[in-house]
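Visitor: Pasting entry-v1.tsv here (TSV, C-alpha atoms):
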```tsv
chain	number	residue	atom	x	y	z
A	1	MET	CA	-3.96	10.31	9.09
A	2	THR	CA	-2.72	7.42	11.25
A	3	ASN	CA	-6.24	6.15	11.74
A	4	SER	CA	-7.14	6.27	8.07
A	5	LEU	CA	-3.95	4.37	7.17
A	6	ASP	CA	-4.90	1.76	9.79
A	7	ALA	CA	-8.30	1.40	8.13
A	8	PHE	CA	-6.94	1.46	4.54
A	9	TYR	CA	-4.39	-1.30	5.05
A	10	SER	CA	-6.67	-3.36	7.24
A	11	ALA	CA	-9.34	-3.18	4.50
A	12	LEU	CA	-6.80	-4.17	1.82
A	13	SER	CA	-5.55	-7.18	3.82
A	14	ASP	CA	-8.41	-9.38	2.55
A	15	PRO	CA	-8.46	-10.97	-0.94
A	16	THR	CA	-12.23	-10.52	-1.43
A	17	ARG	CA	-11.97	-6.83	-0.63
A	18	ARG	CA	-8.96	-6.41	-2.92
A	19	ALA	CA	-10.92	-8.15	-5.70
A	20	VAL	CA	-13.71	-5.57	-5.24
A	21	ILE	CA	-11.16	-2.75	-5.60
A	22	GLU	CA	-9.65	-4.45	-8.68
A	23	ARG	CA	-13.11	-4.45	-10.25
A	24	LEU	CA	-14.06	-0.89	-9.23
A	25	VAL	CA	-10.96	0.78	-10.69
A	26	ARG	CA	-12.46	-0.23	-14.05
A	27	GLY	CA	-15.67	1.65	-13.26
A	28	PRO	CA	-18.63	1.73	-10.84
A	29	ALA	CA	-20.67	-1.47	-10.45
A	30	PRO	CA	-23.90	-2.60	-8.78
A	31	VAL	CA	-23.56	-4.74	-5.64
A	32	SER	CA	-25.03	-7.80	-7.41
A	33	GLU	CA	-22.32	-7.66	-10.10
A	34	LEU	CA	-19.58	-7.22	-7.49
A	35	HIS	CA	-20.90	-10.17	-5.50
A	36	ALA	CA	-21.35	-12.56	-8.45
A	37	PRO	CA	-17.75	-13.83	-8.83
A	38	HIS	CA	-17.42	-14.56	-5.10
A	39	ASP	CA	-18.52	-17.88	-3.68
A	40	ILE	CA	-19.68	-16.42	-0.36
A	41	ALA	CA	-23.11	-15.57	1.07
A	42	LEU	CA	-24.45	-12.08	0.27
A	43	PRO	CA	-24.51	-10.94	3.94
A	44	THR	CA	-20.83	-11.90	4.28
A	45	PHE	CA	-20.04	-10.04	1.07
A	46	LEU	CA	-21.96	-6.98	2.28
A	47	ARG	CA	-19.83	-6.97	5.43
A	48	HIS	CA	-16.72	-6.79	3.22
A	49	LEU	CA	-18.25	-3.82	1.36
A	50	LYS	CA	-19.00	-2.13	4.69
A	51	VAL	CA	-15.35	-2.47	5.72
A	52	LEU	CA	-14.24	-0.86	2.44
A	53	GLU	CA	-16.82	1.91	2.84
A	54	ALA	CA	-15.89	2.57	6.49
A	55	ALA	CA	-12.23	2.85	5.42
A	56	GLY	CA	-13.30	5.43	2.82
A	57	LEU	CA	-11.98	3.34	-0.08
A	58	VAL	CA	-15.40	3.04	-1.75
A	59	ARG	CA	-18.74	4.82	-1.59
A	60	SER	CA	-22.15	3.61	-2.71
A	61	GLU	CA	-25.46	5.13	-3.71
A	62	LYS	CA	-28.89	3.63	-4.11
A	63	ALA	CA	-31.15	4.39	-7.08
A	64	GLY	CA	-34.43	2.49	-6.84
A	65	ARG	CA	-33.51	-1.09	-5.92
A	66	VAL	CA	-29.97	-0.94	-7.22
A	67	ARG	CA	-27.01	0.06	-5.05
A	68	THR	CA	-24.02	1.15	-7.13
A	69	VAL	CA	-20.50	1.14	-5.68
A	70	HIS	CA	-17.74	3.56	-6.72
A	71	ILE	CA	-14.03	3.63	-5.94
A	72	GLU	CA	-12.68	6.53	-3.87
A	73	ALA	CA	-9.48	7.01	-5.82
A	74	LEU	CA	-8.04	9.67	-3.50
A	75	ALA	CA	-8.13	7.27	-0.54
A	76	LEU	CA	-6.35	4.65	-2.64
A	77	ALA	CA	-3.75	7.30	-3.51
A	78	ASP	CA	-3.21	8.01	0.22
A	79	ALA	CA	-2.71	4.31	0.89
A	80	GLU	CA	-0.16	4.20	-1.94
A	81	GLY	CA	1.46	7.45	-0.78
A	82	TRP	CA	2.69	6.20	2.58
A	83	ILE	CA	4.43	3.14	1.07
A	84	GLU	CA	5.81	5.22	-1.79
A	85	ARG	CA	7.39	7.71	0.65
A	86	GLN	CA	9.08	4.85	2.54
A	87	ARG	CA	10.45	3.47	-0.73
A	88	ARG	CA	11.86	6.90	-1.73
A	89	ILE	CA	13.63	7.31	1.63
A	90	TRP	CA	15.06	3.79	1.23
A	91	GLU	CA	16.21	4.50	-2.34
A	92	ALA	CA	17.81	7.82	-1.32
A	93	ARG	CA	19.75	5.90	1.33
A	94	LEU	CA	20.94	3.35	-1.26
A	95	ASP	CA	22.04	6.22	-3.54
A	96	ARG	CA	24.06	7.75	-0.70
A	97	LEU	CA	25.68	4.37	0.04
A	98	ASP	CA	26.51	3.96	-3.68
A	99	ALA	CA	28.07	7.43	-3.80
A	100	LEU	CA	30.08	6.66	-0.69
A	101	ALA	CA	31.32	3.36	-2.10
A	102	GLU	CA	32.34	5.10	-5.34
A	103	ARG	CA	34.26	7.81	-3.44
A	104	LEU	CA	36.09	5.20	-1.37
A	105	GLU	CA	37.08	3.36	-4.56
A	106	THR	CA	38.40	6.57	-6.18
A	107	GLU	CA	40.33	7.61	-3.10
A	108	SER	CA	41.99	4.22	-2.60
A	109	PRO	CA	42.28	2.47	-5.97
A	110	PRO	CA	43.00	-1.26	-5.79
A	111	LYS	CA	46.77	-1.93	-5.71
A	112	GLU	CA	48.45	-3.65	-8.68
A	113	PRO	CA	49.31	-7.27	-7.86
B	114	MET	CA	0.93	-13.64	-3.95
B	115	THR	CA	-2.55	-13.23	-2.46
B	116	ASN	CA	-1.37	-14.55	0.89
B	117	SER	CA	1.67	-12.27	1.02
B	118	LEU	CA	-0.48	-9.21	0.21
B	119	ASP	CA	-2.82	-10.26	3.05
B	120	ALA	CA	0.16	-10.36	5.41
B	121	PHE	CA	1.77	-7.15	4.06
B	122	TYR	CA	-1.33	-4.98	4.45
B	123	SER	CA	-2.33	-6.57	7.74
B	124	ALA	CA	1.17	-5.82	9.08
B	125	LEU	CA	1.00	-2.21	7.84
B	126	SER	CA	-2.43	-1.59	9.44
B	127	ASP	CA	-0.84	-0.80	12.83
B	128	PRO	CA	0.82	2.55	13.67
B	129	THR	CA	3.60	1.01	15.79
B	130	ARG	CA	4.53	-1.36	12.98
B	131	ARG	CA	4.46	1.47	10.41
B	132	ALA	CA	6.72	3.53	12.71
B	133	VAL	CA	9.21	0.64	12.71
B	134	ILE	CA	9.18	0.58	8.90
B	135	GLU	CA	9.60	4.39	8.81
B	136	ARG	CA	12.73	4.00	10.96
B	137	LEU	CA	14.17	1.01	9.08
B	138	VAL	CA	14.03	2.61	5.61
B	139	ARG	CA	16.74	4.95	7.00
B	140	GLY	CA	18.95	1.98	7.86
B	141	PRO	CA	19.13	-1.17	10.03
B	142	ALA	CA	18.67	-0.73	13.79
B	143	PRO	CA	19.01	-2.82	16.96
B	144	VAL	CA	15.75	-3.89	18.63
B	145	SER	CA	16.45	-1.68	21.68
B	146	GLU	CA	16.68	1.45	19.49
B	147	LEU	CA	13.51	0.51	17.60
B	148	HIS	CA	11.65	-0.03	20.87
B	149	ALA	CA	12.85	3.16	22.62
B	150	PRO	CA	10.36	5.70	21.11
B	151	HIS	CA	7.36	3.45	21.83
B	152	ASP	CA	5.61	3.61	25.18
B	153	ILE	CA	4.74	-0.09	25.23
B	154	ALA	CA	6.21	-3.10	27.04
B	155	LEU	CA	9.08	-4.88	25.27
B	156	PRO	CA	7.17	-8.20	24.88
B	157	THR	CA	4.32	-6.32	23.16
B	158	PHE	CA	6.81	-4.56	20.91
B	159	LEU	CA	8.51	-7.86	20.07
B	160	ARG	CA	5.14	-9.24	18.98
B	161	HIS	CA	4.84	-6.33	16.53
B	162	LEU	CA	8.31	-7.13	15.18
B	163	LYS	CA	7.28	-10.79	14.81
B	164	VAL	CA	4.27	-9.75	12.71
B	165	LEU	CA	6.51	-7.67	10.43
B	166	GLU	CA	9.01	-10.53	10.18
B	167	ALA	CA	6.30	-13.12	9.45
B	168	ALA	CA	4.97	-10.86	6.68
B	169	GLY	CA	8.47	-10.74	5.21
B	170	LEU	CA	8.70	-6.95	5.56
B	171	VAL	CA	11.72	-7.10	7.89
B	172	ARG	CA	14.40	-9.60	8.83
B	173	SER	CA	16.65	-9.67	11.87
B	174	GLU	CA	19.98	-11.19	12.85
B	175	LYS	CA	21.64	-11.63	16.21
B	176	ALA	CA	25.31	-10.84	16.84
B	177	GLY	CA	26.27	-11.50	20.44
B	178	ARG	CA	23.52	-9.97	22.56
B	179	VAL	CA	22.33	-7.50	19.95
B	180	ARG	CA	19.56	-8.33	17.48
B	181	THR	CA	19.63	-5.99	14.46
B	182	VAL	CA	16.56	-5.50	12.27
B	183	HIS	CA	16.66	-4.75	8.53
B	184	ILE	CA	13.96	-3.70	6.09
B	185	GLU	CA	13.06	-6.11	3.26
B	186	ALA	CA	12.67	-3.49	0.56
B	187	LEU	CA	11.43	-5.92	-2.11
B	188	ALA	CA	8.44	-6.90	0.04
B	189	LEU	CA	7.63	-3.23	0.55
B	190	ALA	CA	7.82	-2.78	-3.23
B	191	ASP	CA	5.33	-5.65	-3.71
B	192	ALA	CA	2.93	-4.02	-1.25
B	193	GLU	CA	3.25	-0.75	-3.17
B	194	GLY	CA	2.96	-2.54	-6.52
B	195	TRP	CA	-0.57	-3.84	-6.07
B	196	ILE	CA	-1.97	-0.39	-5.15
B	197	GLU	CA	0.04	1.27	-7.92
B	198	ARG	CA	-1.41	-1.11	-10.53
B	199	GLN	CA	-4.94	-0.29	-9.35
B	200	ARG	CA	-4.21	3.44	-9.62
B	201	ARG	CA	-2.85	3.04	-13.16
B	202	ILE	CA	-5.97	1.15	-14.29
B	203	TRP	CA	-8.12	3.87	-12.71
B	204	GLU	CA	-6.11	6.64	-14.39
B	205	ALA	CA	-6.26	4.90	-17.77
B	206	ARG	CA	-10.05	4.80	-17.39
B	207	LEU	CA	-10.15	8.53	-16.59
B	208	ASP	CA	-8.01	9.23	-19.67
B	209	ARG	CA	-10.43	7.25	-21.85
B	210	LEU	CA	-13.39	9.15	-20.37
B	211	ASP	CA	-11.59	12.46	-21.02
B	212	ALA	CA	-10.88	11.49	-24.62
B	213	LEU	CA	-14.51	10.45	-25.08
B	214	ALA	CA	-15.78	13.75	-23.64
B	215	GLU	CA	-13.46	15.68	-25.95
B	216	ARG	CA	-14.65	13.75	-29.01
B	217	LEU	CA	-18.30	14.33	-28.10
B	218	GLU	CA	-17.60	18.08	-27.77
B	219	THR	CA	-15.89	18.20	-31.16
B	220	GLU	CA	-18.61	16.23	-32.89
B	221	SER	CA	-21.50	18.31	-31.49
B	222	PRO	CA	-20.30	21.87	-30.83
B	223	PRO	CA	-22.64	23.99	-28.68
B	224	LYS	CA	-25.23	25.75	-30.87
B	225	GLU	CA	-25.15	29.55	-31.21
B	226	PRO	CA	-27.97	31.18	-29.24
```
Output the file's structure as structure tokens, nothing else.
Guide:
Amino acid sequence: MTNSLDAFYSALSDPTRRAVIERLVRGPAPVSELHAPHDIALPTFLRHLKVLEAAGLVRSEKAGRVRTVHIEALALADAEGWIERQRRIWEARLDRLDALAERLETESPPKEP
Amino acid sequence: MTNSLDAFYSALSDPTRRAVIERLVRGPAPVSELHAPHDIALPTFLRHLKVLEAAGLVRSEKAGRVRTVHIEALALADAEGWIERQRRIWEARLDRLDALAERLETESPPKEP
């Protein structure tokens, strides 16, 4: 799992690659359509796709001359899952601190002036 | 925002740095305690902390000789937020496809043999 999280977050640390994900969550797309909005050479763009594919965040298939790219939603869910778990642990800690603060207030109410 | 997401995900792409986050969501900790479970030299570990701090995912403060590190929960929430939004768009698409499939089934029920 450690290695796939390394690859997920490393892949997501680039704006071009995130833009590809943002497009693919709306549905599969051919490489040419994915490349069009980006002002970079095709070989450079293909390297970005390779990074996403190696991380398991997208897959692609070729039919005739057209390569279509799909999102791998489960991998995206794993990448979300780790951060989400950290947030829950953090929130549980805040809740405990809140409860503690409330108990301290009840046990020693502020004195009248 | 693009630049901070770059830094967030790049920082999270390393297992040592994720381990630091996993510890800090349970509460602030001195550098020495954060370093202890990791079998790497202190200067190397401090570089990891610097990456997390530069990304805005942690902050630290020195009191006397002890430097204490804290999580920056809002930055973690931003890193989660981008992935979560992508998942929601993806799920909304699946829901639309489900609804479409259901309508097609209703409109053309399978013929009796």
Visitor: Identify which of the residues A:Glu22, A:Asp78, A:Asp39, A:Glu33 lies closest to chain B, counting all atoms listed in the file when measuring atom-to-atom distances.
Guide: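 Among the listed residues, A:Glu22 lies closest to chain B.
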Visitor: Which of these residues is nearest to Ala29 (chain A), using all atoms listed in the file: A:Glu80, A:Asp14, A:Glu61, A:Glu91?
Guide: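 Once distances to Ala29 (chain A) are computed over all atoms listed in the file, the minimum belongs to A:Glu61.
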Visitor: If you take all atoms listed in the file and a cut-off of 8 Å, which residues of chain B touch chain A, and what are their nearest atom pairs and distances in Å to one decimal, in chain and number order, as a tab-separated table?
Guide:
```
residue	atom	partner	partner_atom	distance
B:Thr115	CA	A:Pro15	CA	6.5
B:Leu118	CA	A:Ser13	CA	6.5
B:Asp119	CA	A:Ser13	CA	4.2
B:Ala120	CA	A:Ser13	CA	6.7
B:Phe121	CA	A:Ser13	CA	7.3
B:Tyr122	CA	A:Ser13	CA	4.8
B:Ser123	CA	A:Ser13	CA	5.1
B:Leu125	CA	A:Tyr9	CA	6.1
B:Ser126	CA	A:Asp6	CA	4.2
B:Asp127	CA	A:Asp6	CA	5.7
B:Pro128	CA	A:Thr2	CA	6.5
B:Ile134	CA	A:Gln86	CA	7.7
B:Glu135	CA	A:Gln86	CA	6.3
B:Val138	CA	A:Trp90	CA	4.7
B:Arg139	CA	A:Trp90	CA	6.1
B:Gly140	CA	A:Arg93	CA	7.7
B:Ala186	CA	A:Arg87	CA	7.4
B:Leu189	CA	A:Ile83	CA	7.1
B:Ala190	CA	A:Arg87	CA	7.2
B:Ala192	CA	A:Ile83	CA	7.7
B:Glu193	CA	A:Ile83	CA	5.9
B:Ile196	CA	A:Glu80	CA	5.9
B:Glu197	CA	A:Glu80	CA	6.7
B:Gln199	CA	A:Val25	CA	6.3
B:Arg200	CA	A:Ala77	CA	7.2
B:Ile202	CA	A:Val25	CA	6.2
B:Trp203	CA	A:Val25	CA	4.7
B:Arg206	CA	A:Arg26	CA	6.5
```
Visitor: What is the CA of Pro156 (chain B) to CA of Glu185 (chain B) distance in Å?
Guide: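 Answer for the CA of Pro156 (chain B) to CA of Glu185 (chain B) separation: 22.5 Å.
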Visitor: Name the residues in contact with Arg47 (chain A) at a cut-off of 12 Å, using all atoms listed in the file, excluding same-chain residues fewer than 6 positions from it; report them as a PDB file with C-alpha atoms, in the coordinates of the input.
Guide:
```
ATOM      1  CA  ALA A  11      -9.340  -3.180   4.500  1.00  0.00           C
ATOM      2  CA  THR A  16     -12.230 -10.520  -1.430  1.00  0.00           C
ATOM      3  CA  ARG A  17     -11.970  -6.830  -0.630  1.00  0.00           C
ATOM      4  CA  VAL A  31     -23.560  -4.740  -5.640  1.00  0.00           C
ATOM      5  CA  HIS A  35     -20.900 -10.170  -5.500  1.00  0.00           C
ATOM      6  CA  ILE A  40     -19.680 -16.420  -0.360  1.00  0.00           C
ATOM      7  CA  ALA A  41     -23.110 -15.570   1.070  1.00  0.00           C
ATOM      8  CA  GLU A  53     -16.820   1.910   2.840  1.00  0.00           C
ATOM      9  CA  ALA A  54     -15.890   2.570   6.490  1.00  0.00           C
TER      10      ALA A  54
END
```
Visitor: How big is the axis-aligned box around the listed atoms of region 145-150 of chain B once 6 Å is added on each side, and where is its centre? Give both in Å to one decimal, as AutoDock Vina command-line options.
Guide:
```
--center_x 13.5 --center_y 2.0 --center_z 20.1 --size_x 18.3 --size_y 19.4 --size_z 17.0
```
Visitor: What does the distance from CA of Leu155 (chain B) to CA of Ser173 (chain B) come to in Å, to one decimal?
Guide: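 Interatomic distance, CA of Leu155 (chain B) to CA of Ser173 (chain B): 16.1 Å.
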Visitor: Would you work out the distance separating CA of Val133 (chain B) from CA of Asp95 (chain A), expressed in Å to one decimal?
Guide: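 That distance, rounded to one decimal, is 21.4 Å.
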Visitor: My structure is short of atoms at region 161-185 of chain B; please model N, CA, C and O atoms there, returning them as a PDB file, in the coordinates of the input.
Guide:
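Result went into out-v4.pdb, see below:
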```pdb
ATOM      1  N   HIS B 161       4.975  -7.132  17.757  1.00  0.00           N
ATOM      2  CA  HIS B 161       4.840  -6.330  16.530  1.00  0.00           C
ATOM      3  C   HIS B 161       5.954  -6.669  15.533  1.00  0.00           C
ATOM      4  O   HIS B 161       5.707  -6.818  14.335  1.00  0.00           O
ATOM      5  N   LEU B 162       7.183  -6.781  16.056  1.00  0.00           N
ATOM      6  CA  LEU B 162       8.310  -7.130  15.180  1.00  0.00           C
ATOM      7  C   LEU B 162       8.092  -8.497  14.528  1.00  0.00           C
ATOM      8  O   LEU B 162       8.392  -8.688  13.350  1.00  0.00           O
ATOM      9  N   LYS B 163       7.552  -9.439  15.318  1.00  0.00           N
ATOM     10  CA  LYS B 163       7.280 -10.790  14.810  1.00  0.00           C
ATOM     11  C   LYS B 163       6.286 -10.747  13.652  1.00  0.00           C
ATOM     12  O   LYS B 163       6.419 -11.490  12.677  1.00  0.00           O
ATOM     13  N   VAL B 164       5.265  -9.890  13.776  1.00  0.00           N
ATOM     14  CA  VAL B 164       4.270  -9.750  12.710  1.00  0.00           C
ATOM     15  C   VAL B 164       4.934  -9.232  11.434  1.00  0.00           C
ATOM     16  O   VAL B 164       4.697  -9.748  10.337  1.00  0.00           O
ATOM     17  N   LEU B 165       5.794  -8.222  11.594  1.00  0.00           N
ATOM     18  CA  LEU B 165       6.510  -7.670  10.430  1.00  0.00           C
ATOM     19  C   LEU B 165       7.422  -8.712   9.810  1.00  0.00           C
ATOM     20  O   LEU B 165       7.534  -8.812   8.586  1.00  0.00           O
ATOM     21  N   GLU B 166       8.068  -9.508  10.668  1.00  0.00           N
ATOM     22  CA  GLU B 166       9.010 -10.530  10.180  1.00  0.00           C
ATOM     23  C   GLU B 166       8.238 -11.652   9.477  1.00  0.00           C
ATOM     24  O   GLU B 166       8.642 -12.110   8.396  1.00  0.00           O
ATOM     25  N   ALA B 167       7.110 -12.058  10.055  1.00  0.00           N
ATOM     26  CA  ALA B 167       6.300 -13.120   9.450  1.00  0.00           C
ATOM     27  C   ALA B 167       5.753 -12.671   8.099  1.00  0.00           C
ATOM     28  O   ALA B 167       5.593 -13.481   7.178  1.00  0.00           O
ATOM     29  N   ALA B 168       5.470 -11.384   7.955  1.00  0.00           N
ATOM     30  CA  ALA B 168       4.970 -10.860   6.680  1.00  0.00           C
ATOM     31  C   ALA B 168       6.093 -10.720   5.657  1.00  0.00           C
ATOM     32  O   ALA B 168       5.837 -10.474   4.479  1.00  0.00           O
ATOM     33  N   GLY B 169       7.337 -10.864   6.119  1.00  0.00           N
ATOM     34  CA  GLY B 169       8.470 -10.740   5.210  1.00  0.00           C
ATOM     35  C   GLY B 169       8.898  -9.298   4.978  1.00  0.00           C
ATOM     36  O   GLY B 169       9.689  -9.015   4.078  1.00  0.00           O
ATOM     37  N   LEU B 170       8.371  -8.368   5.766  1.00  0.00           N
ATOM     38  CA  LEU B 170       8.700  -6.950   5.560  1.00  0.00           C
ATOM     39  C   LEU B 170      10.009  -6.554   6.239  1.00  0.00           C
ATOM     40  O   LEU B 170      10.613  -5.547   5.877  1.00  0.00           O
ATOM     41  N   VAL B 171      10.417  -7.332   7.262  1.00  0.00           N
ATOM     42  CA  VAL B 171      11.720  -7.100   7.890  1.00  0.00           C
ATOM     43  C   VAL B 171      12.382  -8.460   8.150  1.00  0.00           C
ATOM     44  O   VAL B 171      11.720  -9.485   8.145  1.00  0.00           O
ATOM     45  N   ARG B 172      13.704  -8.411   8.349  1.00  0.00           N
ATOM     46  CA  ARG B 172      14.400  -9.600   8.830  1.00  0.00           C
ATOM     47  C   ARG B 172      15.339  -9.148   9.941  1.00  0.00           C
ATOM     48  O   ARG B 172      15.660  -7.958  10.042  1.00  0.00           O
ATOM     49  N   SER B 173      15.769 -10.071  10.784  1.00  0.00           N
ATOM     50  CA  SER B 173      16.650  -9.670  11.870  1.00  0.00           C
ATOM     51  C   SER B 173      17.745 -10.706  12.033  1.00  0.00           C
ATOM     52  O   SER B 173      17.594 -11.861  11.616  1.00  0.00           O
ATOM     53  N   GLU B 174      18.880 -10.250  12.606  1.00  0.00           N
ATOM     54  CA  GLU B 174      19.980 -11.190  12.850  1.00  0.00           C
ATOM     55  C   GLU B 174      20.627 -10.821  14.176  1.00  0.00           C
ATOM     56  O   GLU B 174      20.676  -9.644  14.545  1.00  0.00           O
ATOM     57  N   LYS B 175      21.082 -11.844  14.877  1.00  0.00           N
ATOM     58  CA  LYS B 175      21.640 -11.630  16.210  1.00  0.00           C
ATOM     59  C   LYS B 175      23.159 -11.751  16.133  1.00  0.00           C
ATOM     60  O   LYS B 175      23.684 -12.683  15.528  1.00  0.00           O
ATOM     61  N   ALA B 176      23.846 -10.770  16.707  1.00  0.00           N
ATOM     62  CA  ALA B 176      25.310 -10.840  16.840  1.00  0.00           C
ATOM     63  C   ALA B 176      25.608 -10.591  18.303  1.00  0.00           C
ATOM     64  O   ALA B 176      25.391  -9.490  18.794  1.00  0.00           O
ATOM     65  N   GLY B 177      26.069 -11.622  18.991  1.00  0.00           N
ATOM     66  CA  GLY B 177      26.270 -11.500  20.440  1.00  0.00           C
ATOM     67  C   GLY B 177      24.911 -11.296  21.099  1.00  0.00           C
ATOM     68  O   GLY B 177      23.995 -12.086  20.880  1.00  0.00           O
ATOM     69  N   ARG B 178      24.785 -10.203  21.865  1.00  0.00           N
ATOM     70  CA  ARG B 178      23.520  -9.970  22.560  1.00  0.00           C
ATOM     71  C   ARG B 178      22.625  -8.995  21.812  1.00  0.00           C
ATOM     72  O   ARG B 178      21.551  -8.643  22.298  1.00  0.00           O
ATOM     73  N   VAL B 179      23.097  -8.530  20.669  1.00  0.00           N
ATOM     74  CA  VAL B 179      22.330  -7.500  19.950  1.00  0.00           C
ATOM     75  C   VAL B 179      21.630  -8.082  18.729  1.00  0.00           C
ATOM     76  O   VAL B 179      22.277  -8.700  17.866  1.00  0.00           O
ATOM     77  N   ARG B 180      20.310  -7.913  18.661  1.00  0.00           N
ATOM     78  CA  ARG B 180      19.560  -8.330  17.480  1.00  0.00           C
ATOM     79  C   ARG B 180      19.315  -7.094  16.619  1.00  0.00           C
ATOM     80  O   ARG B 180      18.735  -6.104  17.068  1.00  0.00           O
ATOM     81  N   THR B 181      19.766  -7.133  15.370  1.00  0.00           N
ATOM     82  CA  THR B 181      19.630  -5.990  14.460  1.00  0.00           C
ATOM     83  C   THR B 181      18.537  -6.297  13.429  1.00  0.00           C
ATOM     84  O   THR B 181      18.482  -7.406  12.894  1.00  0.00           O
ATOM     85  N   VAL B 182      17.687  -5.309  13.181  1.00  0.00           N
ATOM     86  CA  VAL B 182      16.560  -5.500  12.270  1.00  0.00           C
ATOM     87  C   VAL B 182      16.796  -4.713  10.979  1.00  0.00           C
ATOM     88  O   VAL B 182      17.278  -3.569  11.013  1.00  0.00           O
ATOM     89  N   HIS B 183      16.484  -5.349   9.850  1.00  0.00           N
ATOM     90  CA  HIS B 183      16.660  -4.750   8.530  1.00  0.00           C
ATOM     91  C   HIS B 183      15.321  -4.724   7.800  1.00  0.00           C
ATOM     92  O   HIS B 183      14.506  -5.626   7.972  1.00  0.00           O
ATOM     93  N   ILE B 184      15.144  -3.742   6.937  1.00  0.00           N
ATOM     94  CA  ILE B 184      13.960  -3.700   6.090  1.00  0.00           C
ATOM     95  C   ILE B 184      14.128  -4.712   4.949  1.00  0.00           C
ATOM     96  O   ILE B 184      15.251  -4.975   4.518  1.00  0.00           O
ATOM     97  N   GLU B 185      13.022  -5.299   4.483  1.00  0.00           N
ATOM     98  CA  GLU B 185      13.060  -6.110   3.260  1.00  0.00           C
ATOM     99  C   GLU B 185      12.400  -5.283   2.172  1.00  0.00           C
ATOM    100  O   GLU B 185      11.181  -5.336   1.967  1.00  0.00           O
TER     101      GLU B 185
END
```
